[in-house]
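See below for structure-v6.cif, which holds mmCIF, C-alpha atoms.
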data_start
#
loop_
_atom_site.label_atom_id
_atom_site.label_comp_id
_atom_site.auth_asym_id
_atom_site.auth_seq_id
_atom_site.Cartn_x
_atom_site.Cartn_y
_atom_site.Cartn_z
CA MET A 1 88.50 111.43 94.49
CA LEU A 2 87.84 114.74 96.12
CA ILE A 3 85.19 116.52 94.10
CA LYS A 4 84.74 120.17 93.32
CA SER A 5 81.30 120.35 94.93
CA ASP A 6 83.11 120.77 98.25
CA GLU A 7 84.48 124.10 97.16
CA LEU A 8 81.04 125.32 96.08
CA PHE A 9 79.51 124.42 99.44
CA ILE A 10 82.44 125.98 101.30
CA PHE A 11 81.95 129.19 99.32
CA ILE A 12 78.22 129.19 100.16
CA PHE A 13 78.46 128.25 103.83
CA VAL A 14 81.87 129.58 104.88
CA SER A 15 83.89 132.03 102.79
CA LEU A 16 85.94 132.46 99.65
CA LYS A 17 89.11 132.53 101.74
CA MET A 18 88.37 129.06 103.10
CA VAL A 19 87.87 127.81 99.55
CA ALA A 20 91.48 128.80 98.84
CA LEU A 21 92.78 127.17 102.02
CA TYR A 22 90.83 123.99 101.32
CA GLY A 23 92.07 123.99 97.74
CA ASN A 24 95.67 123.89 98.94
CA TYR A 25 94.93 120.69 100.84
CA LEU A 26 93.22 119.22 97.78
CA ILE A 27 96.29 119.85 95.66
CA ILE A 28 98.50 117.88 98.04
CA PHE A 29 95.97 115.12 98.57
CA SER A 30 95.21 114.72 94.87
CA LYS A 31 98.87 114.41 93.89
CA LEU A 32 99.57 111.77 96.52
CA ILE A 33 96.38 109.86 95.71
CA SER A 34 97.31 109.82 92.02
CA LEU A 35 100.70 108.39 92.91
CA PHE A 36 99.22 105.55 94.93
CA ASN A 37 96.42 104.91 92.43
CA SER A 38 99.05 104.00 89.87
CA ILE A 39 99.66 100.90 91.99
CA THR A 40 96.06 99.71 91.99
CA ASN A 41 94.39 101.07 88.84
CA SER A 42 95.58 98.22 86.62
CA ILE A 43 93.75 95.64 88.72
CA GLY A 44 90.20 96.45 87.59
CA ALA A 45 90.61 95.13 84.04
CA SER A 46 91.74 91.68 85.17
CA VAL A 47 88.80 91.24 87.54
CA GLY A 48 86.37 90.87 84.64
CA ASN A 49 88.33 87.93 83.23
CA LEU A 50 88.50 86.35 86.67
CA VAL A 51 84.74 86.57 87.17
CA ALA A 52 84.13 85.19 83.67
CA GLU A 53 85.95 81.99 84.68
CA GLY A 54 83.22 81.37 87.25
CA HIS A 55 85.37 79.61 89.87
CA ARG A 56 83.83 81.14 92.99
CA PRO A 57 86.38 80.06 95.65
CA HIS A 58 89.21 81.46 93.54
CA ILE A 59 87.23 84.63 92.81
CA ILE A 60 86.62 85.25 96.51
CA ASN A 61 90.25 84.50 97.32
CA VAL A 62 91.43 87.08 94.79
CA PHE A 63 88.79 89.51 96.05
CA TRP A 64 90.37 89.43 99.49
CA GLN A 65 93.84 89.85 98.06
CA ILE A 66 92.73 92.98 96.21
CA THR A 67 90.80 94.20 99.24
CA ALA A 68 93.88 93.82 101.43
CA LEU A 69 95.94 95.79 98.91
CA HIS A 70 93.41 98.61 98.69
CA HIS A 71 93.08 98.89 102.46
CA PHE A 72 96.86 98.91 102.86
CA VAL A 73 97.25 101.63 100.24
CA ALA A 74 94.42 103.61 101.85
CA ALA A 75 96.02 103.31 105.29
CA THR A 76 99.39 104.37 103.89
CA LEU A 77 97.80 107.40 102.27
CA CYS A 78 96.02 108.35 105.47
CA TYR A 79 99.09 107.96 107.64
CA SER A 80 101.17 110.06 105.25
CA LEU A 81 98.59 112.81 104.88
CA TYR A 82 97.75 112.97 108.56
CA ASN A 83 101.34 113.25 109.73
CA PHE A 84 103.05 115.27 107.03
CA THR A 85 100.47 117.59 105.45
CA GLU A 86 100.41 120.34 108.07
CA PRO A 87 104.18 120.82 108.34
CA PHE A 88 104.40 120.74 104.54
CA ILE A 89 101.74 123.46 104.29
CA TYR A 90 103.72 125.43 106.87
CA HIS A 91 106.86 125.37 104.72
CA TRP A 92 105.02 125.81 101.43
CA LEU A 93 102.61 128.62 102.27
CA GLY A 94 102.98 129.56 105.93
CA SER A 95 101.24 128.81 109.21
CA SER A 96 98.22 130.98 108.35
CA TYR A 97 97.25 128.48 105.64
CA ILE A 98 96.93 125.54 108.04
CA MET A 99 93.27 124.73 108.69
CA ASP A 100 91.61 123.33 111.79
CA HIS A 101 93.14 119.95 112.65
CA ASN A 102 89.68 118.38 112.82
CA ILE A 103 89.25 119.14 109.12
CA LEU A 104 92.39 117.15 108.38
CA ILE A 105 91.08 114.22 110.42
CA LEU A 106 87.80 114.18 108.49
CA LEU A 107 89.62 114.45 105.17
CA VAL A 108 91.75 111.47 106.14
CA ILE A 109 88.64 109.43 107.01
CA PHE A 110 87.06 110.41 103.71
CA ILE A 111 90.17 109.40 101.80
CA TYR A 112 90.35 106.03 103.55
CA ILE A 113 86.79 105.20 102.55
CA THR A 114 87.14 106.34 98.95
CA ASN A 115 90.43 104.50 98.40
CA SER A 116 89.52 101.26 100.17
CA ARG A 117 86.21 100.90 98.30
CA ASN A 118 87.71 100.02 94.93
CA SER A 119 87.81 96.26 95.35
CA VAL A 120 84.06 96.08 95.98
CA ASP A 121 83.39 98.46 93.09
CA ASN A 122 85.58 96.46 90.71
CA PHE A 123 83.79 93.21 91.46
CA ASN A 124 80.35 94.80 91.28
CA TYR A 125 81.24 96.07 87.81
CA ALA A 126 82.68 92.69 86.80
CA TYR A 127 79.46 90.93 87.80
CA GLY A 128 77.42 93.54 85.95
CA LEU A 129 75.61 94.62 89.10
CA TYR A 130 74.11 97.91 88.00
CA ALA A 131 70.53 97.44 89.19
CA ASP A 132 71.02 99.55 92.31
CA VAL A 133 70.83 102.83 90.41
CA TRP A 134 68.92 104.21 93.36
CA SER A 135 72.06 104.06 95.50
CA ALA A 136 73.78 106.86 93.57
CA TRP A 137 70.75 109.10 94.09
CA ALA A 138 70.50 108.08 97.73
CA GLU A 139 74.17 108.91 98.26
CA LEU A 140 73.68 112.30 96.63
CA ILE A 141 70.55 113.13 98.63
CA ILE A 142 72.11 112.06 101.93
CA ASN A 143 75.26 114.02 101.15
CA ILE A 144 73.47 117.23 100.20
CA SER A 145 70.94 117.00 103.05
CA ILE A 146 73.53 116.55 105.77
CA THR A 147 75.85 119.07 104.12
CA ILE A 148 73.16 121.75 104.18
CA ILE A 149 72.14 121.01 107.76
CA CYS A 150 75.63 120.60 109.21
CA GLY A 151 77.37 123.03 106.87
CA LEU A 152 75.28 125.90 108.16
CA LYS A 153 76.29 125.03 111.71
CA TRP A 154 79.87 123.76 111.44
CA GLY A 155 81.18 124.98 108.08
CA ILE A 156 83.76 122.75 106.40
CA ILE A 157 83.45 120.14 109.13
CA GLY A 158 79.73 119.86 108.45
CA ILE A 159 80.33 119.59 104.70
CA LEU A 160 82.78 116.74 105.22
CA LEU A 161 80.40 115.02 107.63
CA GLY A 162 77.82 114.98 104.84
CA LYS A 163 80.23 113.31 102.46
CA ILE A 164 81.45 110.78 105.02
CA THR A 165 77.95 109.84 106.19
CA SER A 166 76.73 109.22 102.64
CA LEU A 167 79.79 107.09 101.91
CA LEU A 168 79.39 105.08 105.09
CA LEU A 169 75.77 104.24 104.35
CA ILE A 170 76.08 103.50 100.64
CA VAL A 171 79.71 102.57 99.94
CA VAL A 172 80.77 100.92 103.19
CA ILE A 173 77.48 99.21 104.09
CA TRP A 174 75.28 98.79 101.02
CA LYS A 175 77.72 98.06 98.18
CA PRO A 176 79.37 95.03 99.86
CA CYS A 177 75.92 93.67 100.78
CA TYR A 178 74.87 93.96 97.14
CA LEU A 179 78.04 92.23 95.93
CA TYR A 180 77.78 89.34 98.37
CA HIS A 181 74.06 88.84 97.81
CA SER A 182 73.89 89.18 94.03
CA GLY A 183 77.47 88.47 92.96
CA PHE A 184 79.22 86.05 95.28
CA LYS A 185 75.93 84.67 96.62
CA GLU A 186 77.54 84.28 100.01
CA PRO A 187 76.35 85.34 103.48
CA ILE A 188 77.24 88.98 104.13
CA PHE A 189 78.50 87.94 107.56
CA ASN A 190 81.51 86.38 105.83
CA TYR A 191 82.42 89.81 104.51
CA TRP A 192 82.01 91.72 107.74
CA LYS A 193 83.89 89.09 109.72
CA SER A 194 86.98 89.65 107.57
CA VAL A 195 86.74 93.31 106.62
CA THR A 196 86.33 94.38 110.24
CA ARG A 197 89.88 93.16 110.81
CA ASN A 198 91.01 95.32 107.89
CA TYR A 199 89.58 98.42 109.54
CA ILE A 200 91.00 97.57 112.96
CA VAL A 201 94.47 96.73 111.65
CA SER A 202 94.51 99.87 109.49
CA LEU A 203 93.56 101.99 112.48
CA ILE A 204 96.28 100.42 114.61
CA ALA A 205 98.78 100.73 111.75
CA ILE A 206 98.07 104.45 111.61
CA ILE A 207 97.85 105.24 115.33
CA ILE A 208 100.91 103.38 116.66
CA PRO A 209 103.38 104.67 114.03
CA THR A 210 101.92 108.15 114.47
CA CYS A 211 102.61 108.03 118.20
CA LEU A 212 106.12 106.71 117.61
CA THR A 213 106.81 109.29 114.91
CA ARG A 214 105.85 112.08 117.30
CA LEU A 215 108.60 110.84 119.63
CA LEU A 216 111.31 111.47 117.04
CA PRO A 217 113.72 114.23 118.16
CA ILE A 218 113.06 116.10 114.91
CA ASP A 219 110.97 119.21 114.42
CA PRO A 220 109.32 118.98 110.98
CA TYR A 221 108.43 122.68 111.21
CA GLN A 222 112.05 123.82 111.57
CA ASN A 223 112.93 123.72 107.87
CA ILE A 224 112.22 121.66 104.77
CA GLY A 225 115.26 119.48 105.45
CA THR A 226 113.98 118.41 108.85
CA TRP A 227 110.56 117.80 107.29
CA ASP A 228 112.17 115.48 104.72
CA LEU A 229 113.99 113.54 107.43
CA TYR A 230 110.88 113.42 109.62
CA ALA A 231 108.79 112.09 106.73
CA LEU A 232 111.42 109.53 105.73
CA LEU A 233 111.81 108.13 109.24
CA GLY A 234 108.07 108.31 109.81
CA MET A 235 107.37 106.21 106.72
CA ALA A 236 110.05 103.72 107.76
CA ILE A 237 108.35 103.34 111.15
CA TYR A 238 105.00 102.94 109.43
CA PHE A 239 106.13 100.18 107.09
CA VAL A 240 107.96 98.29 109.83
CA ILE A 241 104.73 98.12 111.84
CA SER A 242 102.04 97.99 109.16
CA ILE A 243 103.40 95.32 106.81
CA PRO A 244 103.82 92.59 109.48
CA SER A 245 100.47 93.58 111.00
CA TYR A 246 98.70 93.16 107.68
CA CYS A 247 100.48 89.89 106.92
CA ILE A 248 99.51 88.41 110.27
CA CYS A 249 95.98 89.73 110.67
CA VAL A 250 94.45 90.73 107.32
CA LYS A 251 92.94 88.09 105.08
CA GLY A 252 94.52 87.90 101.64
CA THR A 253 97.66 89.90 102.43
CA LYS A 254 100.11 86.99 102.30
CA ASP A 255 98.71 85.74 99.00
CA CYS A 256 98.78 89.26 97.59
CA LEU A 257 102.39 89.76 98.69
CA HIS A 258 103.34 86.38 97.25
CA ARG A 259 101.69 87.35 93.96
CA PHE A 260 103.69 90.59 93.77
CA ILE A 261 106.99 88.92 94.64
CA HIS A 262 106.58 86.19 92.03
CA LYS A 263 104.96 88.34 89.37
#
Give the structure from the file, written as structure tokens.
Amino acid sequence: MLIKSDELFIFIFVSLKMVALYGNYLIIFSKLISLFNSITNSIGASVGNLVAEGHRPHIINVFWQITALHHFVAATLCYSLYNFTEPFIYHWLGSSYIMDHNILILLVIFIYITNSRNSVDNFNYAYGLYADVWSAWAELIINISITIICGLKWGIIGILLGKITSLLLIVVIWKPCYLYHSGFKEPIFNYWKSVTRNYIVSLIAIIIPTCLTRLLPIDPYQNIGTWDLYALLGMAIYFVISIPSYCICVKGTKDCLHRFIHK
């Protein structure tokens, strides 16, 4: 979740006005994230029971089902926020409240990482893997260090780079290594071989629908009605492309979909 430390750093390195602009984005992002989290939050409790059974092949199979779900939800969030946030801000507050587009891109990357990480976190907790207490401190130190260095030079972009870099090193790289080594006791290569496809498919599932959505003969900035239609058609395009892509290419998606259908 987006944390309030961002606003403090923005106030220190940029301006109070930018804190307000950034806060508007956080309001939209937080509401949408909360909506999607309602889909996945109930999963964590069942993971503990699964791990307690001790059947490793089944545990790993379910891990990939949950991972596929989290990556799909994260990609859906990112596609929605990337394509529809700026025109919504335009109608809600006015064009002067739209920030640099690069800030939106970095926010989308940050949100993808934070929302796709949950499967690894859930299984680390279920296995009782808390020995890497240093990682939280390392993430904090990396975040603050890069934020101070880059924030002075690039403002909000530098602040977000600090957050993203710390997440990449600790959440994306270290946490899965820890889970596979101490929890699953499997080669970490098995993880990267499969999760790389998740990242590639998610990227494709965001880029291609985005390009197609931009071709729609609808101006989302014209009025709120055209924004509604643009968002509706854009999401339809996204789901038509992303769901088959995930089912074909992403490990665990078919089993996850089957589980939902027959639940």
- Message: Can you translate the PyMOL selection byres ((chain A and resi 211) around 12) into the concrete residues it hits in this file, as a list in words?
- Response: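 Selection result, ordered by chain and number: Tyr79, Tyr82, Asn83, Ile204, Ala205, Ile206, Ile207, Ile208, Pro209, Thr210, Leu212, Thr213, Arg214, Leu215, Leu216, Gly234, Ile237, Tyr238 and Ile241 of chain A.
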Restrict the selected residues to C-alpha atoms and save them as an mmCIF file, in the coordinates of the input.
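Result file is again_9.cif:
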data_model
loop_
_atom_site.group_PDB
_atom_site.id
_atom_site.type_symbol
_atom_site.label_atom_id
_atom_site.label_comp_id
_atom_site.auth_asym_id
_atom_site.auth_seq_id
_atom_site.Cartn_x
_atom_site.Cartn_y
_atom_site.Cartn_z
ATOM 1 C CA TYR A 79 99.090 107.960 107.640
ATOM 2 C CA TYR A 82 97.750 112.970 108.560
ATOM 3 C CA ASN A 83 101.340 113.250 109.730
ATOM 4 C CA ILE A 204 96.280 100.420 114.610
ATOM 5 C CA ALA A 205 98.780 100.730 111.750
ATOM 6 C CA ILE A 206 98.070 104.450 111.610
ATOM 7 C CA ILE A 207 97.850 105.240 115.330
ATOM 8 C CA ILE A 208 100.910 103.380 116.660
ATOM 9 C CA PRO A 209 103.380 104.670 114.030
ATOM 10 C CA THR A 210 101.920 108.150 114.470
ATOM 11 C CA LEU A 212 106.120 106.710 117.610
ATOM 12 C CA THR A 213 106.810 109.290 114.910
ATOM 13 C CA ARG A 214 105.850 112.080 117.300
ATOM 14 C CA LEU A 215 108.600 110.840 119.630
ATOM 15 C CA LEU A 216 111.310 111.470 117.040
ATOM 16 C CA GLY A 234 108.070 108.310 109.810
ATOM 17 C CA ILE A 237 108.350 103.340 111.150
ATOM 18 C CA TYR A 238 105.000 102.940 109.430
ATOM 19 C CA ILE A 241 104.730 98.120 111.840
#
- Of the candidates A:Ala231, A:Ile98, A:Leu107, A:Ile243, which shows the shortest atom-to-atom distance to Cys78 (chain A), using all atoms listed in the file?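 Answer, going by the shortest atom-to-atom distance: A:Leu107.
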- Task: Figure out the distance between CA of Val120 (chain A) and CA of Ala68 (chain A), please, to one decimal in Å.
- Result: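 Spanning CA of Ala68 (chain A) to CA of Val120 (chain A) is a straight-line distance of 11.5 Å.
If you look at CA of Lys251 (chain A) and CA of His70 (chain A), they are 12.3 Å away from each other.
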- Message: As an exercise, work out the distance from CA of Asp121 (chain A) to CA of Thr76 (chain A) in Å and give it to one decimal place.
- Response: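 CA of Thr76 (chain A) lies at a distance of 20.2 Å from CA of Asp121 (chain A).
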- On this file, the PyMOL selection byres ((chain A and resi 136) around 12) gives some set of residues; write that set as number ranges by chain. A: 130-135, 137-143, 166-167, 169-171, 174-175
- So what does the PyMOL selection byres ((chain A and resi 146) around 10) actually pick up in this one, as a PyMOL selection string? chain A and resi 141-145+147-152+158-166
- Task: Go through A:Thr67, A:Asn190, A:Ser245, A:Asn223 one by one, measure the shortest atom-to-atom distance of each to Ile89 (chain A) using all atoms listed in the file, and give the residue with the smallest value.
- Result: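 Closest to Ile89 (chain A) of all the choices is A:Asn223.
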Return as AutoDock Vina command-line options the centre and edge lengths, in Å with one decimal, of the box along x, y and z that encloses every atom of region 160-170 of chain A in the file, padded by 3 Å per side.
--center_x 79.3 --center_y 110.1 --center_z 104.1 --size_x 13.0 --size_y 19.2 --size_z 13.0
- 9 Å contact set for Ala126 (chain A), all atoms listed in the file, chain neighbours under 4 positions out, as a list of chain:residue names: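 Near Ala126 (chain A), the qualifying residues are A:Gly44, A:Ala45, A:Val47, A:Gly48, A:Asn49, A:Leu50, A:Val51, A:Ala52, A:Asp121, A:Asn122.
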- Option closest in space to Asn61 (chain A), from A:Gln222, A:Ile200, A:Val172, A:Ser194 [counting all atoms listed in the file]: A:Ser194
What would the list of residues within 8 Å of (92.0, 89.8, 109.6) (file frame) look like as a short mmCIF file (atom, residue, chain, number, x, y, z; two decimals) with C-alpha atoms, in the frame of the given file, if only C-alpha atoms are what count?
data_model
loop_
_atom_site.label_atom_id
_atom_site.label_comp_id
_atom_site.auth_asym_id
_atom_site.auth_seq_id
_atom_site.Cartn_x
_atom_site.Cartn_y
_atom_site.Cartn_z
CA SER A 194 86.98 89.65 107.57
CA VAL A 195 86.74 93.31 106.62
CA THR A 196 86.33 94.38 110.24
CA ARG A 197 89.88 93.16 110.81
CA ASN A 198 91.01 95.32 107.89
CA VAL A 201 94.47 96.73 111.65
CA TYR A 246 98.70 93.16 107.68
CA ILE A 248 99.51 88.41 110.27
CA CYS A 249 95.98 89.73 110.67
CA VAL A 250 94.45 90.73 107.32
CA LYS A 251 92.94 88.09 105.08
#
- Item | A:Tyr199, A:Phe11, A:Trp154, A:Phe123 ranked by distance to His71 (chain A), top pick (using only C-alpha atoms) |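 Ranking A:Tyr199, A:Phe11, A:Trp154, A:Phe123 by distance to His71 (chain A), first place goes to A:Tyr199.
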Would you pick out the contacts of Ile105 (chain A) at 10 Å or less, using all atoms listed in the file, so that residues sharing its chain but fewer than 5 positions from it are not included, and give the list as a PDB file with C-alpha atoms, in the coordinates of the input?
ATOM      1  CA  CYS A  78      96.020 108.350 105.470  1.00  0.00           C
ATOM      2  CA  LEU A  81      98.590 112.810 104.880  1.00  0.00           C
ATOM      3  CA  TYR A  82      97.750 112.970 108.560  1.00  0.00           C
ATOM      4  CA  ASP A 100      91.610 123.330 111.790  1.00  0.00           C
ATOM      5  CA  PHE A 110      87.060 110.410 103.710  1.00  0.00           C
ATOM      6  CA  ILE A 111      90.170 109.400 101.800  1.00  0.00           C
ATOM      7  CA  ILE A 157      83.450 120.140 109.130  1.00  0.00           C
TER       8      ILE A 157
END
- Near Thr226 (chain A), counting only C-alpha atoms, which residues have an atom at most 12 Å away, once you skip same-chain residues fewer than 6 positions from it, shown as a ChimeraX atom specification? /A:84,87-88,91,216-220,232-234
- Can you tell me, as a PyMOL selection string, what residues are no more than 12 Å from Tyr25 (chain A) when counting only C-alpha atoms, ignoring any on the same chain fewer than 4 positions away? chain A and resi 2+7+18-21+29-32+81-82+84-90+92-93+97-101+103-104+107-108
